[in-house]
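Engineer: One structure follows; several queries about it will come next.
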Amino acid sequence: MAAAESLGMAAAGGKTYSFKVVLLGEGCVGKTSLVLRYCENKFNDKHITTLQASFLTKKLNITGKRVNLAIWDTAGQERFHALGPIYYRDSNGAILVYDVTDEDSFQKVKNWVKELRKMLGNEICLCIVGNKIDLEKERHVSVEEAEGYAESVGAKHYHTSAKLNKGIEELFLDLCKRMMETAQAEERSRGNGASHTSTARRGVQIVDDEPQTAMPAGGCCTSG
Amino acid sequence: MIHYCTDAFATTVMSRDAGQMDARSLSVLDRLLLTHSIWLQLSINPDSAHQILQREIVGTFLVCKCSASHRKVLCVRLQEGGVSQYPIREEDSTFSLESSALSFPDLCRLVAFYTISRDVLPFPLELPDAIIQATTHTQLESISHLGLEFWSSQTSPGLPNGPPPPSAPHRTFRLISPCFVNPLFLQPPQPSRTASHKRHRFKRSLRVRVSNETSLSLSGGESDLTQGETHGQNSNQGGPRRTGGLSVLRRTPALTPTSEEEDEQMLGQIPPSNSLPQQGNTDLNKDTEDGEVCLALERTRAPSLAELDSNSSFSSLEEEEAQADLAHQWPPAARGTRFPSANPTSTLRRMTAAFVCVFAPERRVARLVDELSCDKRSTFGSLVQDFLEKQRQEMEASKHSSAVELLQGMRRFLSQAKSLLLEAGEIEPPIETLVPENEKDLALEKALFGCVLKPLKVQLQQALVSLHTKDGSLQKITDSLLANQEGALERLAVRVSVLDVRGMDRAKAKLTLMQRSHSPIDKVLLLLQVCKSIYKAMGTQPDQDVGSEDFLPALSYVLIQCNIPQLLLETEYMMELLEPSWLTGEGGYYLTSVYASLCLIQSKPGATPTCSLTNEAQEYLREWSKRRGQEAKTQKDNQLKQRFVRVLFQDDSRSGVRTLLWKTGENVEALSQTCAGLFGVTEPQHYCLFWRSEGEMRPLPAHVQPHHLGTHEGASLSYLRSDHDFSKMRRLTRGGAVDLGESVCEE
């Protein structure tokens, strides 16, 4: 509790992970549809259909741990490219979307990967997503090429169809798990200082809890 | 006989002079407030509470915290020698027992209610004798200084370790005056998806309450009088009491059902339950609160865009009105007796003031924190006042080289002050009793903005303008906005509808209003309202997905039309002063979008896209990211290096509590010396510091350092005579508090 608080977390119950995921990709590859599909139960109500389409959240429970996802859409047109860093800073994960029927959009993804690795290093979990597999016949980016490339840059590759709602749950679930692993690894490696704190914390629990367990049997009552 | 309060939570406080008042003038709520350190034990878990309660009489209770679920639990001693656990639900700014339909605005009121009415409990809660029989605040205060130690003592030495004899399970008389505690709302058990519905109800009932508060408790007073007197006889059955209590509640205006219309509206917004395809993934459980699934991040407790409307409240802009409201709200007669005039700054007054304030719970916190910040005798108060003083001087002397540096210093201080509030336990009653866990951080942030940023507002504004004038950025944005006035729609390639003239005026008004608030949170809320209106104006077809692609140009267009260069300063103010983790939320997203828009507006028209973000902006961002990471690290290091500790002091005649800053490197000896000075001990060689270790109070070993105390909020030390007799202390203060020479109220 106290630990979670000092880390600035809302610890209403156990540990809650909060991750920021940025959505990158060219204008027409279907980024927005993808994420709308994922968070779709919010958008059944026609009154708020167009609201919040560029910022969405999702709550998950993965192996007993609560995860809050904040999904940031970015403007994908080339003219907005330079604004990218404003959006992707502090991201835990990035979903780089291309259109399997559009070779050019895959090249754009490659550019983003280069830039993200340069600016954010290896801490950010990358997902490369070939969207629109419902248009398989018109595919212009080969599966081998895409998966080979993803592997070479330490990213994971997924195939999705926002239209058919294919592959989307897996994509986000997988990404969450990877971000959790990264976060846990970071916690562990946060230097000796952190491990000190945790032992100290454990120590305090003993200090506070044992007295009571000891008391009823102990002499407090008789001595009083 | 039994005294009745004239308003729901009023505590009849006469005087603190010992002996001049009898027990009846202290209400249950008073007693609970003053002795929270006894019954509120958030550092222990239900198992430990169980051990403690086994030695107590039936009905005795503790509120502790389950270390596994991190939830508060009400533990109650049962008749068969067992202890029952009632998890406390904290949501929508209210507290309630999980099995009950009654909600309360804070924990003290919840407990106070259950000392009178059993509702879902087998019988009402019982306060320990020492607390019930205390007749003065001084007595209660000295009892409260015992904290957890209180329970180590035994009032009735004849009953060690066993269940109480049959004659003793309930008290046969009751000295204290009951107080009426009205739950915020009562509802029949409903399916769990009604969370948002309930919140809505709460908002409404709060509104109603404000106007009816003072008359509430009068209804049903007669029946409760009887119940109070016959408590001993009928509490075993419990039934009649409960019914009586509830019927009173049903009559209270606070429980007026919400109007059909609004209910409909709310229900309409709750999407059909889980429509997600099941993947057969056992480890992926959707949050049960489907209706809430997509609301803003928990950590980002600004309302989500969909929830926002023009009626959102802006505490920083409404304060003056609120003050006026408060004055009107209470009839003069009630006001006259509320605060003891003898000791205007007493803890009790502070607490009582917080409790009569029926505004949103976070405002009660804000009030408490604000008062504490003005009290230079408190650690927090002196820290804040010193900081304000220093900032004023520095701003006057134009010591800051950049606006960012100035704001960074502020944010660092805010974070530091926040951890002080969390660690030092100077807020009375503890914040844990006032707001649910998940609202605590937001409440504290808002409170801190109020006592740090508000007093500096004018000067800070001037300093920021001056710094941005000096570095030319204000001129640059002014020029860019002007240059873009012509043909902005085309240049930005806006493909959607934009705000009409009226909408634009409204947006401009909101952005202007933003500059009047000192609170970064309120500024963000205003910004979100503007963004919402832009989305609305887009007027796209339901099946059309509108992403950032369309929003960003539309936003940029609106910003150009509004033509407010100061927005640059406002954006920076919010980005630097908001708690960093909040910047990942919705507010952060739209704030980022505004920042991106301002960059877009300032980029050279026709320049190649990849260069459109100025080098300075890129540099600024890189630096910003790095710095925020660094700050988080420094803050963590600080927590290892220093601790705020509460030191309890007690000797034969006096007791007290003070908060000290204990830095790593400072040895126990030095800390003891500080304590001697603080508590005015003339023979420090006979005193030493104790801590609780392995179940016993032991002298603090000389090698102990702050981090050994851990990160508990309640971690405290005791400064006592080296030969302190702990059993004696217990006798004196728990069982014997009333034997200290003050008259007990005889029945």
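Ordering of the structure tokens sets the chain letters (A, B, ...), residue numbers begin anew at 1 in every chain, and ligands are numbered from 1 in the order given.
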Give me, as JSON lines, the closest atom pair and its distance (Å, one decimal) for every residue of region 431-509 of chain B within a cut-off of 12 Å of region 51-71 of chain B, counting only C-alpha atoms, rows sorted by chain and rising number.
Structural biologist:
```
{"residue": "B:Glu432", "atom": "CA", "partner": "B:Val63", "partner_atom": "CA", "distance": 11.0}
{"residue": "B:Thr433", "atom": "CA", "partner": "B:Val63", "partner_atom": "CA", "distance": 10.2}
{"residue": "B:Pro436", "atom": "CA", "partner": "B:Arg71", "partner_atom": "CA", "distance": 10.2}
{"residue": "B:Glu437", "atom": "CA", "partner": "B:Arg71", "partner_atom": "CA", "distance": 8.8}
{"residue": "B:Asn438", "atom": "CA", "partner": "B:Arg71", "partner_atom": "CA", "distance": 11.1}
```
Engineer: Tell me, as a list of chain:residue names, which residues lie within 7 Å of Leu126 (chain A), counting only C-alpha atoms; anything in the same chain fewer than 6 positions away does not count.
Structural biologist: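 Those residues are A:Gly93, A:Ala94, A:Ile95, A:Ala155, A:Lys156.
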Engineer: Taking only region 452-601 of chain B into account, list the residues labelled helix (DSSP H, G or I) by DSSP (computed from the backbone), as number ranges by chain.
Structural biologist: B: 452-470, 473-483, 488-491, 501-514, 520-538, 548-562, 567-577, 580-584, 586-601
Engineer: Taking the backbone alone, and naming residues the way the document does, which bits of region 650-686 of chain B are strand (DSSP E or B) by DSSP, as a ChimeraX atom specification?
Structural biologist: /B:650,655-663
Engineer: What would the file look like if the residues just selected were written as an mmCIF file, in the first residue's frame with N, CA and C atoms?
Structural biologist:
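As a result, selection_4.cif now contains:
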```cif
data_model
loop_
_atom_site.group_PDB
_atom_site.id
_atom_site.type_symbol
_atom_site.label_atom_id
_atom_site.label_comp_id
_atom_site.auth_asym_id
_atom_site.auth_seq_id
_atom_site.Cartn_x
_atom_site.Cartn_y
_atom_site.Cartn_z
ATOM 1 N N GLN B 650 5.366 10.975 26.399
ATOM 2 C CA GLN B 650 4.493 10.851 27.558
ATOM 3 C C GLN B 650 5.319 10.702 28.816
ATOM 4 N N SER B 655 1.644 14.696 27.818
ATOM 5 C CA SER B 655 1.803 13.860 26.630
ATOM 6 C C SER B 655 1.703 14.747 25.405
ATOM 7 N N GLY B 656 2.252 14.287 24.343
ATOM 8 C CA GLY B 656 2.200 15.088 23.119
ATOM 9 C C GLY B 656 2.700 14.294 21.931
ATOM 10 N N VAL B 657 2.475 14.845 20.761
ATOM 11 C CA VAL B 657 2.936 14.210 19.528
ATOM 12 C C VAL B 657 3.567 15.269 18.648
ATOM 13 N N ARG B 658 4.724 14.985 18.089
ATOM 14 C CA ARG B 658 5.340 15.908 17.145
ATOM 15 C C ARG B 658 5.877 15.127 15.957
ATOM 16 N N THR B 659 5.968 15.809 14.844
ATOM 17 C CA THR B 659 6.528 15.180 13.652
ATOM 18 C C THR B 659 7.922 15.731 13.401
ATOM 19 N N LEU B 660 8.855 14.845 13.145
ATOM 20 C CA LEU B 660 10.231 15.270 12.915
ATOM 21 C C LEU B 660 10.713 14.753 11.568
ATOM 22 N N LEU B 661 11.619 15.493 10.981
ATOM 23 C CA LEU B 661 12.265 15.015 9.768
ATOM 24 C C LEU B 661 13.555 14.325 10.195
ATOM 25 N N TRP B 662 13.633 13.045 9.911
ATOM 26 C CA TRP B 662 14.808 12.285 10.312
ATOM 27 C C TRP B 662 15.605 11.945 9.066
ATOM 28 N N LYS B 663 16.800 12.478 8.974
ATOM 29 C CA LYS B 663 17.612 12.249 7.783
ATOM 30 C C LYS B 663 18.606 11.127 8.023
#
```
Engineer: Could you tell me which of A:Val35, A:Ile124, A:Leu24, A:Ile86 comes closest to chain B if we count only C-alpha atoms?
Structural biologist: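 The shortest atom-to-atom distance to chain B comes from A:Ile86.
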Engineer: Within 12 Å of region 376-381 of chain B, counting only C-alpha atoms, which residues qualify if same-chain residues fewer than 6 places away don't, as a ChimeraX atom specification?
Structural biologist: /B:345,347,368-370,387-388,413-414,416-428,448,451-452,644-646,657-661,678
Engineer: Restricting the output to N, CA, C and O atoms, write the selected residues as a CSV table (one decimal), in the first residue's frame.
Structural biologist:
```
chain,number,residue,atom,x,y,z
B,345,THR,N,-7.7,27.1,17.7
B,345,THR,CA,-6.9,26.3,16.7
B,345,THR,C,-6.7,24.9,17.2
B,345,THR,O,-5.9,24.1,16.7
B,347,THR,N,-7.1,20.9,17.6
B,347,THR,CA,-7.3,19.9,16.7
B,347,THR,C,-8.8,19.6,16.5
B,347,THR,O,-9.2,19.4,15.4
B,368,LEU,N,-8.7,21.0,5.2
B,368,LEU,CA,-7.8,20.5,6.3
B,368,LEU,C,-6.4,20.9,5.9
B,368,LEU,O,-5.6,21.4,6.8
B,369,VAL,N,-6.0,20.5,4.7
B,369,VAL,CA,-4.6,20.8,4.3
B,369,VAL,C,-4.3,22.2,4.3
B,369,VAL,O,-3.2,22.7,4.7
B,370,ASP,N,-5.3,23.0,3.8
B,370,ASP,CA,-5.1,24.5,3.8
B,370,ASP,C,-4.9,25.0,5.2
B,370,ASP,O,-4.0,25.8,5.4
B,387,PHE,N,8.6,27.8,2.1
B,387,PHE,CA,8.7,27.7,0.7
B,387,PHE,C,8.1,28.9,0.0
B,387,PHE,O,8.7,29.5,-0.9
B,388,LEU,N,6.9,29.3,0.4
B,388,LEU,CA,6.2,30.4,-0.2
B,388,LEU,C,7.1,31.7,0.0
B,388,LEU,O,7.3,32.4,-1.0
B,413,PHE,N,8.6,20.6,-5.1
B,413,PHE,CA,8.1,20.9,-3.7
B,413,PHE,C,6.8,20.3,-3.5
B,413,PHE,O,6.5,19.7,-2.4
B,414,LEU,N,5.9,20.3,-4.5
B,414,LEU,CA,4.6,19.7,-4.3
B,414,LEU,C,4.7,18.2,-4.0
B,414,LEU,O,4.0,17.7,-3.1
B,416,GLN,N,7.2,16.7,-2.7
B,416,GLN,CA,7.8,16.5,-1.4
B,416,GLN,C,6.8,16.8,-0.3
B,416,GLN,O,6.6,16.0,0.7
B,417,ALA,N,6.0,17.8,-0.5
B,417,ALA,CA,5.0,18.2,0.5
B,417,ALA,C,3.9,17.1,0.6
B,417,ALA,O,3.4,16.8,1.6
B,418,LYS,N,3.7,16.5,-0.6
B,418,LYS,CA,2.7,15.4,-0.6
B,418,LYS,C,3.2,14.2,0.2
B,418,LYS,O,2.4,13.6,1.0
B,419,SER,N,4.4,13.8,0.0
B,419,SER,CA,4.9,12.7,0.8
B,419,SER,C,5.0,13.0,2.3
B,419,SER,O,4.8,12.2,3.1
B,420,LEU,N,5.2,14.3,2.6
B,420,LEU,CA,5.1,14.7,4.0
B,420,LEU,C,3.7,14.4,4.6
B,420,LEU,O,3.6,13.8,5.6
B,421,LEU,N,2.7,14.9,3.8
B,421,LEU,CA,1.4,14.7,4.3
B,421,LEU,C,1.0,13.2,4.5
B,421,LEU,O,0.3,12.8,5.4
B,422,LEU,N,1.5,12.4,3.6
B,422,LEU,CA,1.2,11.0,3.6
B,422,LEU,C,2.0,10.3,4.8
B,422,LEU,O,1.5,9.4,5.4
B,423,GLU,N,3.2,10.7,5.0
B,423,GLU,CA,4.0,10.0,6.0
B,423,GLU,C,3.8,10.5,7.4
B,423,GLU,O,3.9,9.8,8.4
B,424,ALA,N,3.7,11.8,7.5
B,424,ALA,CA,3.8,12.4,8.9
B,424,ALA,C,2.5,12.3,9.7
B,424,ALA,O,2.5,12.4,10.9
B,425,GLY,N,1.4,12.0,9.0
B,425,GLY,CA,0.1,11.9,9.7
B,425,GLY,C,-0.3,13.1,10.4
B,425,GLY,O,-0.9,13.0,11.5
B,426,GLU,N,0.0,14.3,9.9
B,426,GLU,CA,-0.5,15.5,10.5
B,426,GLU,C,-1.9,15.9,10.2
B,426,GLU,O,-2.5,16.7,10.9
B,427,ILE,N,-2.4,15.3,9.2
B,427,ILE,CA,-3.8,15.6,8.8
B,427,ILE,C,-4.7,14.8,9.9
B,427,ILE,O,-4.5,13.6,10.1
B,428,GLU,N,-5.5,15.6,10.5
B,428,GLU,CA,-6.4,15.0,11.5
B,428,GLU,C,-7.9,15.3,11.1
B,428,GLU,O,-8.2,16.5,10.9
B,448,LEU,N,-2.9,20.6,-2.4
B,448,LEU,CA,-1.6,21.2,-2.4
B,448,LEU,C,-1.6,22.4,-3.4
B,448,LEU,O,-1.0,23.4,-3.2
B,451,CYS,N,-2.9,25.3,-1.5
B,451,CYS,CA,-2.1,26.1,-0.5
B,451,CYS,C,-0.7,26.5,-1.0
B,451,CYS,O,0.0,27.2,-0.3
B,452,VAL,N,-0.3,26.0,-2.2
B,452,VAL,CA,1.0,26.4,-2.7
B,452,VAL,C,0.9,27.3,-3.9
B,452,VAL,O,1.4,28.4,-3.9
B,644,PHE,N,9.8,11.3,7.6
B,644,PHE,CA,9.1,12.1,8.6
B,644,PHE,C,8.6,11.1,9.7
B,644,PHE,O,7.9,10.1,9.3
B,645,VAL,N,8.9,11.3,10.9
B,645,VAL,CA,8.5,10.4,11.9
B,645,VAL,C,7.6,11.1,12.9
B,645,VAL,O,7.9,12.3,13.3
B,646,ARG,N,6.7,10.4,13.4
B,646,ARG,CA,5.9,11.0,14.5
B,646,ARG,C,6.5,10.5,15.8
B,646,ARG,O,6.8,9.3,15.9
B,657,VAL,N,2.5,14.8,20.8
B,657,VAL,CA,2.9,14.2,19.5
B,657,VAL,C,3.6,15.3,18.6
B,657,VAL,O,3.0,16.4,18.5
B,658,ARG,N,4.7,15.0,18.1
B,658,ARG,CA,5.3,15.9,17.1
B,658,ARG,C,5.9,15.1,16.0
B,658,ARG,O,6.2,14.0,16.1
B,659,THR,N,6.0,15.8,14.8
B,659,THR,CA,6.5,15.2,13.7
B,659,THR,C,7.9,15.7,13.4
B,659,THR,O,8.1,16.9,13.5
B,660,LEU,N,8.9,14.8,13.1
B,660,LEU,CA,10.2,15.3,12.9
B,660,LEU,C,10.7,14.8,11.6
B,660,LEU,O,10.3,13.7,11.1
B,661,LEU,N,11.6,15.5,11.0
B,661,LEU,CA,12.3,15.0,9.8
B,661,LEU,C,13.6,14.3,10.2
B,661,LEU,O,14.4,14.9,10.8
B,678,LEU,N,12.2,19.5,22.0
B,678,LEU,CA,10.8,19.7,21.6
B,678,LEU,C,9.8,19.6,22.7
B,678,LEU,O,8.9,20.3,22.8
```
Engineer: Name the closest residue to chain B among the candidates A:Glu136, A:Glu147, A:Glu170, A:Glu103; distances are taken between atoms, counting only C-alpha atoms.
Structural biologist: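 Answer, going by the shortest atom-to-atom distance: A:Glu170.
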Engineer: I'd like a table as CSV: residues in region 99-158 of chain A with an atom no more than 12 Å from region 53-76 of chain A, each row giving the shortest atom pair and its distance in Å to one decimal, only C-alpha atoms counted, sorted by chain and rising residue number.
Structural biologist:
```
residue,atom,partner,partner_atom,distance
A:Ser105,CA,A:Gly76,CA,10.3
A:Lys108,CA,A:Gly76,CA,9.8
A:Val109,CA,A:Gly76,CA,10.7
A:Trp112,CA,A:Gly76,CA,10.8
```
